[in-house]
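Notes for the one structure printed next.
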Amino acid sequence: HITKNLRKTAYISKRKIQSCKLFYSEDPVKILRARGQYLFDENGKRYLDCISNVHHVGHCHPSITKAAAAQMDLLNTNTRFLHDNVVLYADRLASTLPEKLCVFYFVNSGSEANDLALRLAQQYTQHRDVIVLDHAYHGHLMSLIDISPYKFRKLAGQKKWVHVAPLPDTYRGMYREDHPNPGQAYADKVKDLIDEVHGKGRKISAFFAESLPSVGGQIILPEGYSAKVAEYVRAAGGVFVADEVQTGFGRVGSHFWAFQLQGEGFCPDIVTMGKPMGNGHPLSCVATTAEIAGAFTANGVEYFNTFGGNPVSCAIGLAVLDVIEEEDLRGNATRVGAHLKDLLTKLQARHEIIGDVRGAGLFVGIELVSDREKRTPATKTAAWVVKRLKMDHQICVSTDGPWESVLKFKPPMCFSLEDAELVVQCIDRILTDTVTSPMITSQSSVNISAESSCIPLISAKSDYRMLIDPHTVIPKI
């Protein structure tokens with residue numbers, strides 16, 4: 001039931017605020033407080049958050065709020081004074097990256113980071129043209145809308161200096177899982193594009209790509225793709241930019257950065273990072289080589305950012321790194337992500353509508369299709385599942401992909417085994433209620449009750465620090 005207070009807030013928001021699109025805009029939720037992987041509305045109802053990859057180590061983590069308050073009480077200034085927090089944070093970030101990525105520019109958002117990366121690439125190479133992946137999104141500044149097919153196709157269209165390579169999607173792309181070497185095949189498409197650009201008398205400054213394309217549908221790049229693309233791009237005089245805004249800081253579990261999934265031999269020339277960096281505080285960064293940074297300042301135009309890398313932001317950034325390490329959140333992402341994928345794969349065998357399950361760590365996608373053979377996107381069903389999860393089970397999930405047919409999971413990193421089992425159990429119920437599949441027997445297609453699911457919850461209590469009992473009273477803010 002929408003309370004009078006909620007109705008008033010929604011009315012004012014719709015009339016006066018255009019800076020963001022609400023989740024569940026037709027039936028909005030007013031969140032007053034949060035903790036760990038949980039959100040609480042104005043009536044105290046608890047929602048399991050599977051979409052807030054910004055709040056990387058958990059909502060309102062006490063270590064993060066304590067670090068922020070302590071530094072804010074002591075000093076916050078613009079960044080033109082020396083402060084230990086800034087250099088300590090740069091050192092800590094450097095320890096997570098390949099040695100050559102040793103220079104850092106602190107900014108305030110992923111969009112700022114990607115805009116700066118574009119400037120760095122173009123200044124260093126003295127070329128303008130950029131290659132991007134189809135369906136990519138890199139930010140909301142004009143420079144980034146120009147290199148984001150996800151956005152520019154709805155607006156003025158593609159600029160002459162922007163060139164779009166096929167999304168290396170092995171599920172529904174031109175080279176699929178049965179191809180002997182899809183990574184090489186997709187990389188060769190980039191090489192063909194480079195040759196085409198050179199044939200027009202133009203030159204490439206950068207290949208710009210998310211390490212794991214998210215808006216494109218939670219895509220896992222095929223093995224060897226990035227290294228081969230980097231080889232082709234560098235031979236053409238360009239640089240490789242890895243956008244880690246959504247995927248960095250241990251989300252993939254096995255590695256700190258998603259680009260490292262492509263093998264130890266691969267290293268981008270520029271890496272951008274953002275969303276999870278400040279656990280909800282505006283903090284982002286560009287990491288690059290000393291050579292590229294030197295070329296950027298060689299023209300005499302200094303770079304300055306009023307708020308980027310201020311002492312409070314860096315104190316928060318340091319605290320986030322501490323929590324990731326102290327609470328073994330990369331290990332948790334590996335364990336819980338693997339369990340989630342395993343459960344979803346078993347669910348795929350029960351439900352014909354699940355065409356593909358893919359992911360790494362706690363970056364997971366479920367592709368829904370109305371026809372497995374044709375791989376027809378089941379867009380309406382995906383939207384219905386999202387709606388039912390929120391209304392019936394208080395689980396927040398959203399969709400992505402070119403047809404909005406992919407259920408995406410990017411929860412806080414404290415997401416537990418029990419959370420994973422609950423989500424899959426609820427999806428099973430919804431799909432069983434919604435879809436009659438020829439792969440499901442009459443016995444197994446009976447509606448699943450809360451007491452007896454085909455995928456039972458684990459019996460052991462979770463020991464993850466941020467797991468909150470449903471009856472825990474969260475202090476009001």
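Note on naming: chains are A, B, ... as they come in the structure tokens, residues start from 1 per chain, ligands start from 1 in the order shown.
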
When DSSP works through the backbone of this structure, what residues of segment 236-323 of chain A end up as alpha helix (DSSP H), shown as a CSV table (one decimal) with N, CA and C atoms, in the first residue's frame?
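Everything below was put into result_25.csv:
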```
chain,number,residue,atom,x,y,z
A,290,ALA,N,53.1,6.0,-16.6
A,290,ALA,CA,53.9,7.2,-16.5
A,290,ALA,C,54.0,7.9,-17.9
A,291,GLU,N,54.2,7.1,-18.9
A,291,GLU,CA,54.4,7.6,-20.3
A,291,GLU,C,53.1,8.4,-20.7
A,292,ILE,N,52.0,7.8,-20.6
A,292,ILE,CA,50.7,8.4,-21.0
A,292,ILE,C,50.5,9.7,-20.2
A,293,ALA,N,50.7,9.6,-18.8
A,293,ALA,CA,50.5,10.7,-18.0
A,293,ALA,C,51.4,11.9,-18.4
A,294,GLY,N,52.7,11.5,-18.7
A,294,GLY,CA,53.6,12.6,-19.1
A,294,GLY,C,53.2,13.3,-20.4
A,295,ALA,N,52.7,12.5,-21.3
A,295,ALA,CA,52.2,13.2,-22.6
A,295,ALA,C,51.0,14.1,-22.3
A,296,PHE,N,50.2,13.7,-21.3
A,296,PHE,CA,49.1,14.5,-21.0
A,296,PHE,C,49.4,15.9,-20.5
A,297,THR,N,50.5,16.0,-19.7
A,297,THR,CA,50.9,17.3,-19.1
A,297,THR,C,51.9,18.0,-20.0
A,311,PRO,N,40.6,14.5,1.2
A,311,PRO,CA,41.0,13.6,2.3
A,311,PRO,C,39.9,12.7,2.8
A,312,VAL,N,38.6,13.2,2.8
A,312,VAL,CA,37.5,12.4,3.2
A,312,VAL,C,37.3,11.3,2.2
A,313,SER,N,37.3,11.6,0.9
A,313,SER,CA,37.1,10.6,-0.1
A,313,SER,C,38.1,9.5,0.0
A,314,CYS,N,39.4,9.9,0.2
A,314,CYS,CA,40.4,8.9,0.2
A,314,CYS,C,40.4,8.1,1.5
A,315,ALA,N,39.9,8.7,2.6
A,315,ALA,CA,39.7,7.9,3.9
A,315,ALA,C,38.7,6.8,3.7
A,316,ILE,N,37.6,7.2,3.0
A,316,ILE,CA,36.6,6.2,2.7
A,316,ILE,C,37.1,5.1,1.7
A,317,GLY,N,37.9,5.5,0.7
A,317,GLY,CA,38.5,4.6,-0.2
A,317,GLY,C,39.4,3.6,0.5
A,318,LEU,N,40.2,4.1,1.4
A,318,LEU,CA,41.1,3.2,2.2
A,318,LEU,C,40.3,2.2,3.0
A,319,ALA,N,39.2,2.7,3.6
A,319,ALA,CA,38.3,1.8,4.5
A,319,ALA,C,37.7,0.7,3.6
A,320,VAL,N,37.3,1.1,2.4
A,320,VAL,CA,36.7,0.1,1.5
A,320,VAL,C,37.7,-1.0,1.2
A,321,LEU,N,38.9,-0.7,0.9
A,321,LEU,CA,39.9,-1.7,0.7
A,321,LEU,C,40.2,-2.5,1.9
A,322,ASP,N,40.2,-1.9,3.1
A,322,ASP,CA,40.4,-2.7,4.3
A,322,ASP,C,39.3,-3.7,4.5
A,323,VAL,N,38.0,-3.3,4.3
A,323,VAL,CA,36.9,-4.2,4.5
A,323,VAL,C,36.9,-5.4,3.5
```

Where in segment 253-424 of chain A does DSSP assign strand (DSSP E or B), given as a JSON list (two decimals) with C-alpha atoms, in the first residue's frame?
```json
[["chain", "number", "residue", "atom", "x", "y", "z"],
["A", 270, "ILE", "CA", 44.39, 2.94, -19.01],
["A", 271, "VAL", "CA", 41.95, 1.65, -16.36],
["A", 272, "THR", "CA", 38.92, 3.57, -15.12],
["A", 273, "MET", "CA", 37.16, 2.76, -11.85],
["A", 284, "SER", "CA", 36.44, 7.36, -8.86],
["A", 285, "CYS", "CA", 39.80, 7.20, -10.54],
["A", 286, "VAL", "CA", 41.85, 6.79, -13.70],
["A", 287, "ALA", "CA", 45.01, 4.67, -13.53],
["A", 288, "THR", "CA", 47.56, 4.81, -16.33],
["A", 354, "ILE", "CA", 16.13, -19.80, -19.15],
["A", 355, "GLY", "CA", 18.37, -19.72, -22.20],
["A", 356, "ASP", "CA", 21.71, -18.95, -20.60],
["A", 357, "VAL", "CA", 23.34, -18.49, -17.21],
["A", 358, "ARG", "CA", 26.66, -16.66, -17.17],
["A", 359, "GLY", "CA", 28.86, -14.70, -14.83],
["A", 360, "ALA", "CA", 31.98, -14.39, -12.72],
["A", 363, "PHE", "CA", 28.46, -10.50, -11.55],
["A", 364, "VAL", "CA", 25.79, -12.85, -12.91],
["A", 365, "GLY", "CA", 23.20, -12.76, -15.69],
["A", 366, "ILE", "CA", 20.23, -14.98, -16.58],
["A", 367, "GLU", "CA", 19.09, -14.67, -20.18],
["A", 368, "LEU", "CA", 15.38, -15.39, -20.64],
["A", 369, "VAL", "CA", 14.16, -16.59, -24.04],
["A", 370, "SER", "CA", 10.76, -17.53, -25.41],
["A", 371, "ASP", "CA", 12.38, -20.05, -27.79],
["A", 376, "THR", "CA", 14.19, -15.16, -28.94],
["A", 377, "PRO", "CA", 14.45, -12.58, -26.11],
["A", 395, "ILE", "CA", 13.86, -8.96, -3.71],
["A", 396, "CYS", "CA", 15.30, -6.16, -5.86],
["A", 398, "SER", "CA", 16.68, -5.48, -12.61],
["A", 399, "THR", "CA", 17.14, -6.28, -16.29],
["A", 400, "ASP", "CA", 19.74, -5.40, -18.90],
["A", 406, "VAL", "CA", 18.71, -10.50, -18.95],
["A", 407, "LEU", "CA", 18.09, -10.62, -15.20],
["A", 408, "LYS", "CA", 21.23, -9.13, -13.69],
["A", 409, "PHE", "CA", 22.75, -9.73, -10.27]]
```

*asked:* Under the rule that only C-alpha atoms are counted, which of A:Val245, A:Val162, A:Leu167, A:Ala67 is the nearest residue to Leu283 of chain A?
replied: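 Looking at the shortest contact to Leu283 of chain A, the residue is A:Val245.
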
*Pick out the closest residue to Glu418 of chain A from this set: A:Leu48, A:Gln184, A:Thr434, A:Val215. Count only C-alpha atoms.*
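Comparing A:Leu48, A:Gln184, A:Thr434, A:Val215 against Glu418 of chain A, the winner is A:Leu48.
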
*So what do you get for atom CA of Leu141 of chain A versus atom CA of Ala165 of chain A, distance-wise?*
21.4 Å

*Identify, on the basis of only C-alpha atoms, every residue whose closest approach to Leu93 of chain A does not exceed 10 Å; exclude the query and any residue fewer than 2 positions from it along the same chain; express the result as a list in words.*
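Within the cut-off, the hits are Val87, Leu88, Tyr89, Ala90, Asp91, Ser95, Thr96, Leu97, Leu101, Cys102, Phe104, Phe249, Cys285, Ala287, Gly317, Leu318 and Leu321 of chain A.
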
I need the residues from that last selection saved to file as a JSON list (two decimals), in the first residue's frame (with N, CA and C atoms), if you can.
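This is the output file part.json:
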```
[["chain", "number", "residue", "atom", "x", "y", "z"],
["A", 87, "VAL", "N", 48.10, 9.99, -0.82],
["A", 87, "VAL", "CA", 49.23, 9.18, -1.28],
["A", 87, "VAL", "C", 49.13, 7.74, -0.78],
["A", 88, "LEU", "N", 48.59, 7.56, 0.43],
["A", 88, "LEU", "CA", 48.39, 6.20, 0.93],
["A", 88, "LEU", "C", 47.40, 5.44, 0.06],
["A", 89, "TYR", "N", 46.35, 6.15, -0.36],
["A", 89, "TYR", "CA", 45.35, 5.49, -1.19],
["A", 89, "TYR", "C", 45.92, 5.13, -2.56],
["A", 90, "ALA", "N", 46.69, 6.04, -3.14],
["A", 90, "ALA", "CA", 47.32, 5.74, -4.42],
["A", 90, "ALA", "C", 48.23, 4.52, -4.31],
["A", 91, "ASP", "N", 49.00, 4.43, -3.22],
["A", 91, "ASP", "CA", 49.87, 3.27, -3.00],
["A", 91, "ASP", "C", 49.07, 1.98, -2.87],
["A", 95, "SER", "N", 49.05, -1.35, -5.50],
["A", 95, "SER", "CA", 49.38, -2.72, -5.09],
["A", 95, "SER", "C", 48.41, -3.74, -5.67],
["A", 96, "THR", "N", 47.26, -3.30, -6.16],
["A", 96, "THR", "CA", 46.27, -4.22, -6.74],
["A", 96, "THR", "C", 46.39, -4.32, -8.25],
["A", 97, "LEU", "N", 47.21, -3.48, -8.86],
["A", 97, "LEU", "CA", 47.29, -3.36, -10.31],
["A", 97, "LEU", "C", 48.65, -3.81, -10.84],
["A", 101, "LEU", "N", 50.84, 0.36, -14.34],
["A", 101, "LEU", "CA", 49.74, 1.30, -14.07],
["A", 101, "LEU", "C", 50.02, 1.98, -12.74],
["A", 102, "CYS", "N", 50.81, 3.04, -12.79],
["A", 102, "CYS", "CA", 51.40, 3.60, -11.57],
["A", 102, "CYS", "C", 51.06, 5.07, -11.33],
["A", 104, "PHE", "N", 47.87, 7.96, -10.94],
["A", 104, "PHE", "CA", 46.44, 7.98, -10.62],
["A", 104, "PHE", "C", 45.89, 9.40, -10.69],
["A", 249, "PHE", "N", 37.30, -4.03, -8.07],
["A", 249, "PHE", "CA", 37.35, -4.16, -6.61],
["A", 249, "PHE", "C", 36.86, -5.52, -6.12],
["A", 285, "CYS", "N", 38.38, 7.05, -10.28],
["A", 285, "CYS", "CA", 39.80, 7.20, -10.54],
["A", 285, "CYS", "C", 40.14, 6.74, -11.96],
["A", 287, "ALA", "N", 43.65, 5.16, -13.72],
["A", 287, "ALA", "CA", 45.01, 4.67, -13.53],
["A", 287, "ALA", "C", 45.65, 4.50, -14.90],
["A", 317, "GLY", "N", 37.87, 5.53, 0.70],
["A", 317, "GLY", "CA", 38.45, 4.56, -0.22],
["A", 317, "GLY", "C", 39.37, 3.57, 0.48],
["A", 318, "LEU", "N", 40.18, 4.06, 1.40],
["A", 318, "LEU", "CA", 41.07, 3.18, 2.18],
["A", 318, "LEU", "C", 40.26, 2.21, 3.03],
["A", 321, "LEU", "N", 38.91, -0.66, 0.93],
["A", 321, "LEU", "CA", 39.95, -1.67, 0.67],
["A", 321, "LEU", "C", 40.19, -2.53, 1.90]]
```

*Measuring atom to atom with only C-alpha atoms, identify which of A:Tyr225, A:Tyr137, A:Tyr186, A:Phe259 is nearest to Gly401 of chain A.*
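Looking at the shortest contact to Gly401 of chain A, the residue is A:Tyr137.
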
Non-local contacts of Lys410 of chain A (7 Å; only C-alpha atoms; under 3 positions in same chain excluded) as a compact mmCIF listing (two decimals) with C-alpha atoms, in the first residue's frame:
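Result saved to out_24.txt:
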```
# COMPACT_ATOMS: atom_id res chain seq x y z
CA CYS A 50 20.64 -7.62 -5.69
CA ILE A 51 21.32 -4.52 -7.78
CA SER A 52 23.26 -1.96 -5.70
CA ASN A 53 26.77 -2.69 -6.92
CA LEU A 362 28.93 -11.77 -8.00
CA PHE A 363 28.46 -10.50 -11.55
CA VAL A 364 25.79 -12.85 -12.91
```

*Might you pull out every residue within 6 Å of Gly238 of chain A, with only C-alpha atoms counted and same-chain residues fewer than 4 positions away left off, and present them as a PyMOL selection string?*
chain A and resi 204-206+233-234

Write to file, as an mmCIF file, in the first residue's frame, the residues of the selection just made, with C-alpha atoms.
```cif
data_model
loop_
_atom_site.group_PDB
_atom_site.id
_atom_site.type_symbol
_atom_site.label_atom_id
_atom_site.label_comp_id
_atom_site.auth_asym_id
_atom_site.auth_seq_id
_atom_site.Cartn_x
_atom_site.Cartn_y
_atom_site.Cartn_z
ATOM 1 C CA ILE A 204 42.688 5.146 -33.870
ATOM 2 C CA SER A 205 43.358 6.708 -30.464
ATOM 3 C CA ALA A 206 41.760 4.013 -28.306
ATOM 4 C CA VAL A 233 45.114 -1.533 -31.396
ATOM 5 C CA ARG A 234 48.668 -0.829 -30.235
#
```

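Distance-wise, atom CA of Ala209 of chain A and atom CA of Gly331 of chain A end up 26.0 Å apart.
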
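Between Leu82 of chain A and the candidates A:Gly309, A:Pro282, A:Pro166, A:Pro213, the tightest atom-to-atom separation, counting only C-alpha atoms, involves A:Gly309.
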